[in-house]
file structure_18.cif (mmCIF, C-alpha atoms)
data_query
loop_
_atom_site.label_atom_id
_atom_site.label_comp_id
_atom_site.auth_asym_id
_atom_site.auth_seq_id
_atom_site.Cartn_x
_atom_site.Cartn_y
_atom_site.Cartn_z
CA MET A 321 255.40 136.94 158.19
CA ASN A 322 255.04 138.79 154.91
CA ILE A 323 252.11 138.09 152.59
CA LEU A 324 251.57 139.39 149.07
CA ILE A 325 247.93 139.53 147.91
CA ALA A 326 247.39 140.21 144.20
CA ASP A 327 243.88 140.72 142.83
CA ASP A 328 242.43 143.21 140.35
CA GLU A 329 239.22 143.47 142.42
CA VAL A 330 240.20 146.43 144.61
CA ASP A 331 237.38 145.97 147.13
CA MET A 332 238.34 142.32 147.62
CA LEU A 333 241.97 143.35 148.02
CA LYS A 334 241.14 145.82 150.80
CA ILE A 335 238.99 143.30 152.66
CA LEU A 336 241.68 140.63 152.59
CA GLN A 337 244.38 143.13 153.56
CA ASN A 338 242.38 144.15 156.62
CA TYR A 339 241.68 140.53 157.66
CA PHE A 340 245.31 139.46 157.37
CA GLN A 341 246.63 142.56 159.13
CA ARG A 342 244.29 141.81 162.04
CA GLU A 343 246.01 138.42 162.25
CA GLY A 344 249.39 140.11 162.62
CA PHE A 345 250.74 139.63 159.10
CA THR A 346 252.59 142.27 157.13
CA VAL A 347 250.58 142.60 153.91
CA PHE A 348 251.73 143.83 150.51
CA THR A 349 249.19 144.26 147.70
CA ALA A 350 249.13 144.40 143.92
CA THR A 351 246.34 144.87 141.38
CA ASN A 352 247.98 143.08 138.44
CA GLY A 353 250.67 140.51 137.70
CA GLU A 354 253.39 143.03 136.89
CA GLU A 355 252.89 144.82 140.23
CA ALA A 356 252.93 141.46 142.02
CA LEU A 357 256.30 140.53 140.53
CA THR A 358 257.72 143.98 141.33
CA VAL A 359 256.76 143.58 144.99
CA PHE A 360 258.07 140.01 144.99
CA TYR A 361 261.50 141.12 143.74
CA GLN A 362 261.70 144.02 146.23
CA GLU A 363 260.42 142.36 149.43
CA ARG A 364 260.89 139.08 151.29
CA ILE A 365 257.56 137.37 150.72
CA ASP A 366 256.63 134.20 152.64
CA LEU A 367 253.27 133.56 150.97
CA ALA A 368 251.70 134.91 147.78
CA ILE A 369 247.92 134.80 147.32
CA LEU A 370 247.33 135.27 143.61
CA ASP A 371 244.18 135.78 141.58
CA TRP A 372 244.45 133.67 138.45
CA MET A 373 242.71 136.08 136.03
CA MET A 374 244.81 139.23 136.52
CA PRO A 375 245.62 141.79 133.81
CA LYS A 376 249.07 142.20 132.22
CA VAL A 377 250.49 138.95 133.65
CA ASP A 378 248.08 136.25 134.83
CA GLY A 379 248.38 134.62 138.23
CA MET A 380 249.73 131.28 136.99
CA MET A 381 252.57 132.98 135.10
CA VAL A 382 253.36 134.95 138.27
CA CYS A 383 253.27 131.71 140.28
CA ARG A 384 255.70 129.95 137.92
CA GLU A 385 258.13 132.89 137.99
CA MET A 386 258.05 133.08 141.80
CA LYS A 387 258.58 129.34 142.17
CA ARG A 388 261.44 129.45 139.65
CA THR A 389 263.20 132.25 141.51
CA GLN A 390 262.70 131.58 145.23
CA LYS A 391 261.33 129.17 147.78
CA ILE A 392 257.86 130.57 148.45
CA LYS A 393 254.35 129.31 149.18
CA VAL A 394 251.69 130.23 146.61
CA LEU A 395 247.91 130.03 147.05
CA MET A 396 245.80 130.54 143.95
CA LEU A 397 242.56 132.45 144.44
CA THR A 398 240.22 132.13 141.48
CA ALA A 399 236.70 131.90 140.11
CA ARG A 400 237.83 129.05 137.85
CA ASP A 401 236.35 126.07 139.60
CA THR A 402 236.72 123.02 137.37
CA GLY A 403 238.76 120.02 138.44
CA GLU A 404 240.96 120.52 135.39
CA ASP A 405 241.79 124.09 136.47
CA GLU A 406 242.67 122.97 139.98
CA PHE A 407 244.86 120.19 138.60
CA LYS A 408 246.66 122.63 136.29
CA ALA A 409 247.29 125.12 139.12
CA LEU A 410 248.72 122.48 141.45
CA ALA A 411 250.72 120.87 138.66
CA ASP A 412 252.25 124.25 137.74
CA GLY A 413 253.53 124.80 141.28
CA ALA A 414 250.72 126.27 143.37
CA ASP A 415 250.63 124.94 146.95
CA ASP A 416 246.88 125.43 147.42
CA TYR A 417 243.82 126.47 145.45
CA VAL A 418 240.74 128.35 146.75
CA ASN A 419 237.62 129.05 144.73
CA LYS A 420 235.72 132.34 144.78
CA PRO A 421 233.47 133.16 146.58
CA PHE A 422 235.06 132.15 149.87
CA TYR A 423 234.94 132.88 153.60
CA PRO A 424 237.94 135.08 154.58
CA LYS A 425 238.55 133.23 157.87
CA VAL A 426 238.83 129.95 155.96
CA LEU A 427 241.38 131.55 153.63
CA ILE A 428 243.38 132.70 156.65
CA MET A 429 243.34 129.18 158.09
CA ARG A 430 244.56 127.76 154.77
CA ALA A 431 247.32 130.39 154.66
CA LYS A 432 248.43 129.59 158.22
CA LYS A 433 248.49 125.89 157.38
CA LEU A 434 250.76 126.55 154.40
CA LEU A 435 253.05 128.64 156.61
CA GLN A 436 252.90 126.01 159.38
CA ILE A 437 251.87 128.52 162.02
CA GLU A 438 251.11 126.63 165.20
CA ALA A 439 247.85 127.17 167.09
CA ILE A 440 249.69 127.26 170.44
CA GLN A 441 252.07 130.20 170.80
CA GLN A 442 254.44 131.17 173.59
CA LEU A 443 255.61 134.55 174.83
CA HIS A 444 257.86 134.43 177.91
CA ASP A 445 255.93 132.30 180.41
CA VAL A 446 252.58 133.02 178.73
CA SER A 447 251.15 130.49 176.28
CA PHE A 448 247.92 130.88 174.34
CA ASP A 449 245.77 129.01 171.86
CA VAL A 450 244.83 131.19 168.90
CA THR A 451 241.91 128.90 168.09
CA SER A 452 240.19 128.56 171.47
CA LYS A 453 241.45 131.93 172.80
CA ARG A 454 242.57 130.27 176.07
CA VAL A 455 245.61 131.74 177.86
CA TRP A 456 247.98 130.31 180.49
CA ARG A 457 250.64 131.99 182.56
CA ALA A 458 253.23 129.65 184.08
CA GLY A 459 250.78 126.79 183.56
CA THR A 460 247.82 128.51 185.25
CA GLU A 461 244.91 129.57 183.05
CA ILE A 462 244.10 133.28 183.11
CA GLU A 463 241.16 135.23 181.70
CA LEU A 464 241.71 137.91 179.07
CA THR A 465 239.09 140.06 177.40
CA LYS A 466 238.75 139.80 173.62
CA THR A 467 240.72 143.04 173.16
CA GLU A 468 243.46 141.98 175.59
CA PHE A 469 243.81 138.67 173.74
CA GLU A 470 244.09 140.44 170.39
CA LEU A 471 246.82 142.70 171.78
CA LEU A 472 248.71 139.68 173.11
CA ARG A 473 248.44 137.90 169.75
CA ILE A 474 249.56 140.97 167.77
CA PHE A 475 252.58 141.51 170.02
CA SER A 476 253.51 137.81 169.78
CA GLN A 477 253.43 137.93 165.98
CA ASN A 478 255.49 141.15 165.88
CA ARG A 479 258.17 140.37 168.45
CA ARG A 480 260.69 143.13 169.20
CA GLN A 481 259.01 145.34 166.59
CA ILE A 482 257.87 148.68 167.98
CA LEU A 483 254.18 149.21 167.23
CA THR A 484 252.80 152.72 167.43
CA ARG A 485 249.47 153.53 169.05
CA ASP A 486 247.96 154.16 165.61
CA GLN A 487 249.20 150.80 164.32
CA LEU A 488 247.70 149.01 167.30
CA LEU A 489 244.41 150.83 166.84
CA ASP A 490 244.26 149.71 163.20
CA LEU A 491 245.25 146.10 163.96
CA VAL A 492 243.07 145.54 167.03
CA TRP A 493 240.20 148.05 166.89
CA GLY A 494 239.99 148.37 163.10
CA LEU A 495 240.59 151.09 160.53
CA ASP A 496 237.21 152.68 161.18
CA TYR A 497 237.74 153.17 164.95
CA MET A 498 236.85 156.76 165.91
CA GLY A 499 237.23 156.65 169.71
CA ASP A 500 239.92 157.90 172.07
CA PRO A 501 243.36 156.61 170.95
CA ARG A 502 244.45 156.51 174.60
CA THR A 503 242.32 153.39 174.98
CA VAL A 504 245.42 151.54 173.75
CA ASP A 505 247.36 152.61 176.85
CA THR A 506 244.51 151.58 179.15
CA HIS A 507 244.18 148.09 177.64
CA ILE A 508 247.95 147.51 177.65
CA ARG A 509 248.08 148.49 181.32
CA ARG A 510 245.34 145.96 182.11
CA LEU A 511 247.04 143.30 179.99
CA ARG A 512 250.31 143.83 181.83
CA GLU A 513 248.54 143.35 185.16
CA LYS A 514 247.48 139.89 184.00
CA ILE A 515 250.50 138.59 182.08
CA GLY A 516 253.35 140.40 183.85
CA GLU A 517 254.88 143.85 183.61
CA ASN A 518 258.08 142.70 181.86
CA ILE A 519 256.60 141.26 178.64
CA ILE A 520 255.50 144.51 176.96
CA GLN A 521 257.92 147.44 176.93
CA THR A 522 257.01 151.11 176.55
CA HIS A 523 259.05 153.24 174.13
CA ARG A 524 258.11 156.74 175.19
CA GLY A 525 256.87 158.91 172.37
CA ILE A 526 257.00 155.98 169.93
CA GLY A 527 254.95 152.96 170.98
CA TYR A 528 255.20 149.49 172.49
CA SER A 529 257.11 146.26 171.81
CA THR A 530 257.74 142.88 173.38
CA SER A 531 260.91 142.46 175.43
CA GLU A 532 261.97 139.33 173.55
#
call {"tool": "encode", "arguments": {"input": "structure_18.cif", "output": "structure tokens"}}
result
Amino acid sequence: MNILIADDEVDMLKILQNYFQREGFTVFTATNGEEALTVFYQERIDLAILDWMMPKVDGMMVCREMKRTQKIKVLMLTARDTGEDEFKALADGADDYVNKPFYPKVLIMRAKKLLQIEAIQQLHDVSFDVTSKRVWRAGTEIELTKTEFELLRIFSQNRRQILTRDQLLDLVWGLDYMGDPRTVDTHIRRLREKIGENIIQTHRGIGYSTSE
């Protein structure tokens, strides 16, 4: 799913972008209301996370324009924390309202709830719980390492999309990973041994994708 995060605090924007990308979302960013609307008109956005106090066009004006134009979920992210502010945001069309400061993992959970992303996901005959990190193959529970689970989750959320080694390194190991990039191949080989060889396909010279 595609998420637009708009906030004029650049450091906050980078942190949220990294968190949501690790969860398998495609993330677009903007640092003011005008940029947010430009991205919104150009891309298919499923959820917009908008800072209320943005320059040029404030977050509530952006929210109203998005809601007027398309069916989209909007979560307001703001330091304005009075009950009156929350009432105004929800009355003007926002689907949820989160006060700053906040815990990023809680924000992700709120976003998933708005998008109705189920905790239990299925890929071929493998099912897994994104909350408890438990995995089953054909009804039998199997053990995955933390990295193997993250690979499985990323592939499930990007089905049929070819992911390069560099993309997988960023999404699973993090942007600051400085080790051997071939570790991706090693972990995918081990994951295949546990979940089945047919679920993850190799595209030589390009990357990997799911087979469904």
call {"tool": "closest_residue", "arguments": {"input": "structure_18.cif", "among": "A:Val359, A:Ala399, A:Ala409, A:Ile323", "to": "Met381 in chain A", "atoms": "only C-alpha atoms"}}
result
A:Ala409
call {"tool": "resolve_selection", "arguments": {"input": "structure_18.cif", "expression": "the PyMOL selection byres ((chain A and resi 523-532) around 6)", "output": "ChimeraX atom specification"}}
result
/A:479-485,519-522
call {"tool": "resolve_selection", "arguments": {"input": "structure_18.cif", "expression": "the PyMOL selection byres ((chain A and resi 343-346) around 8)", "output": "PDB file with C-alpha atoms, in the frame of the given file"}}
result
ATOM      1  CA  MET A 321     255.400 136.940 158.190  1.00  0.00           C
ATOM      2  CA  ASN A 322     255.040 138.790 154.910  1.00  0.00           C
ATOM      3  CA  ILE A 323     252.110 138.090 152.590  1.00  0.00           C
ATOM      4  CA  TYR A 339     241.680 140.530 157.660  1.00  0.00           C
ATOM      5  CA  PHE A 340     245.310 139.460 157.370  1.00  0.00           C
ATOM      6  CA  GLN A 341     246.630 142.560 159.130  1.00  0.00           C
ATOM      7  CA  ARG A 342     244.290 141.810 162.040  1.00  0.00           C
ATOM      8  CA  VAL A 347     250.580 142.600 153.910  1.00  0.00           C
ATOM      9  CA  PHE A 348     251.730 143.830 150.510  1.00  0.00           C
ATOM     10  CA  ARG A 473     248.440 137.900 169.750  1.00  0.00           C
ATOM     11  CA  ILE A 474     249.560 140.970 167.770  1.00  0.00           C
ATOM     12  CA  GLN A 477     253.430 137.930 165.980  1.00  0.00           C
ATOM     13  CA  ASN A 478     255.490 141.150 165.880  1.00  0.00           C
ATOM     14  CA  LEU A 491     245.250 146.100 163.960  1.00  0.00           C
TER      15      LEU A 491
END
call {"tool": "closest_atom_pairs", "arguments": {"input": "structure_18.cif", "of": "range 409-477 of chain A", "to": "range 390-394 of chain A", "cutoff": "12 Å", "atoms": "all atoms listed in the file", "output": "tab-separated table"}}
result
residue	atom	partner	partner_atom	distance
A:Ala409	CA	A:Val394	CA	10.1
A:Leu410	CA	A:Val394	CA	9.8
A:Asp412	CA	A:Val394	CA	10.7
A:Gly413	CA	A:Val394	CA	7.8
A:Ala414	CA	A:Val394	CA	5.2
A:Asp415	CA	A:Val394	CA	5.4
A:Asp416	CA	A:Val394	CA	6.8
A:Tyr417	CA	A:Val394	CA	8.8
A:Val418	CA	A:Val394	CA	11.1
A:Arg430	CA	A:Val394	CA	11.1
A:Ala431	CA	A:Lys393	CA	9.0
A:Lys432	CA	A:Lys393	CA	10.8
A:Lys433	CA	A:Lys393	CA	10.6
A:Leu434	CA	A:Lys393	CA	6.9
A:Leu435	CA	A:Lys393	CA	7.6
A:Gln436	CA	A:Lys393	CA	10.8
call {"tool": "resolve_selection", "arguments": {"input": "structure_18.cif", "expression": "the PyMOL selection byres ((chain A and resi 507-511) around 12)", "output": "ChimeraX atom specification"}}
result
/A:446,455,462-475,485,488-489,492-493,501-506,512-522,527-530
call {"tool": "write_last_selection", "arguments": {"input": "structure_18.cif", "atoms": "C-alpha atoms", "output": "short mmCIF file (atom, residue, chain, number, x, y, z; two decimals), in the frame of the given file"}}
result
data_model
loop_
_atom_site.label_atom_id
_atom_site.label_comp_id
_atom_site.auth_asym_id
_atom_site.auth_seq_id
_atom_site.Cartn_x
_atom_site.Cartn_y
_atom_site.Cartn_z
CA VAL A 446 252.58 133.02 178.73
CA VAL A 455 245.61 131.74 177.86
CA ILE A 462 244.10 133.28 183.11
CA GLU A 463 241.16 135.23 181.70
CA LEU A 464 241.71 137.91 179.07
CA THR A 465 239.09 140.06 177.40
CA LYS A 466 238.75 139.80 173.62
CA THR A 467 240.72 143.04 173.16
CA GLU A 468 243.46 141.98 175.59
CA PHE A 469 243.81 138.67 173.74
CA GLU A 470 244.09 140.44 170.39
CA LEU A 471 246.82 142.70 171.78
CA LEU A 472 248.71 139.68 173.11
CA ARG A 473 248.44 137.90 169.75
CA ILE A 474 249.56 140.97 167.77
CA PHE A 475 252.58 141.51 170.02
CA ARG A 485 249.47 153.53 169.05
CA LEU A 488 247.70 149.01 167.30
CA LEU A 489 244.41 150.83 166.84
CA VAL A 492 243.07 145.54 167.03
CA TRP A 493 240.20 148.05 166.89
CA PRO A 501 243.36 156.61 170.95
CA ARG A 502 244.45 156.51 174.60
CA THR A 503 242.32 153.39 174.98
CA VAL A 504 245.42 151.54 173.75
CA ASP A 505 247.36 152.61 176.85
CA THR A 506 244.51 151.58 179.15
CA ARG A 512 250.31 143.83 181.83
CA GLU A 513 248.54 143.35 185.16
CA LYS A 514 247.48 139.89 184.00
CA ILE A 515 250.50 138.59 182.08
CA GLY A 516 253.35 140.40 183.85
CA GLU A 517 254.88 143.85 183.61
CA ASN A 518 258.08 142.70 181.86
CA ILE A 519 256.60 141.26 178.64
CA ILE A 520 255.50 144.51 176.96
CA GLN A 521 257.92 147.44 176.93
CA THR A 522 257.01 151.11 176.55
CA GLY A 527 254.95 152.96 170.98
CA TYR A 528 255.20 149.49 172.49
CA SER A 529 257.11 146.26 171.81
CA THR A 530 257.74 142.88 173.38
#
call {"tool": "residues_near_point", "arguments": {"input": "structure_18.cif", "point": "(245.2, 143.1, 141.0)", "cutoff": "8 Å", "atoms": "all atoms listed in the file", "output": "ChimeraX atom specification"}}
result
/A:326-330,333,349-353,355-356,371,374-375
call {"tool": "atom_distance", "arguments": {"input": "structure_18.cif", "atom1": "CA of Tyr361 in chain A", "atom2": "CA of Met396 in chain A"}}
result
18.9 Å
call {"tool": "residues_around", "arguments": {"input": "structure_18.cif", "residues": "Pro421 in chain A", "least_positions_apart": "6", "cutoff": "12 Å", "atoms": "all atoms listed in the file", "output": "PyMOL selection string"}}
result
chain A and resi 332+397-401+427
call {"tool": "closest_residue", "arguments": {"input": "structure_18.cif", "among": "A:Val426, A:Val377, A:Leu443, A:Met498", "to": "Thr358 in chain A", "atoms": "only C-alpha atoms"}}
result
A:Val377
call {"tool": "closest_residue", "arguments": {"input": "structure_18.cif", "among": "A:Asp378, A:Leu324, A:Glu461, A:Asn338", "to": "Ile365 in chain A", "atoms": "only C-alpha atoms"}}
result
A:Leu324
call {"tool": "closest_residue", "arguments": {"input": "structure_18.cif", "among": "A:Ala458, A:Ile437, A:Val450, A:Met380", "to": "Glu406 in chain A", "atoms": "only C-alpha atoms"}}
result
A:Met380
call {"tool": "atom_distance", "arguments": {"input": "structure_18.cif", "atom1": "CA of Asp366 in chain A", "atom2": "CA of Leu336 in chain A"}}
result
16.3 Å
call {"tool": "closest_residue", "arguments": {"input": "structure_18.cif", "among": "A:Leu495, A:Cys383, A:Lys376, A:Asp445", "to": "Phe360 in chain A", "atoms": "all atoms listed in the file"}}
result
A:Cys383
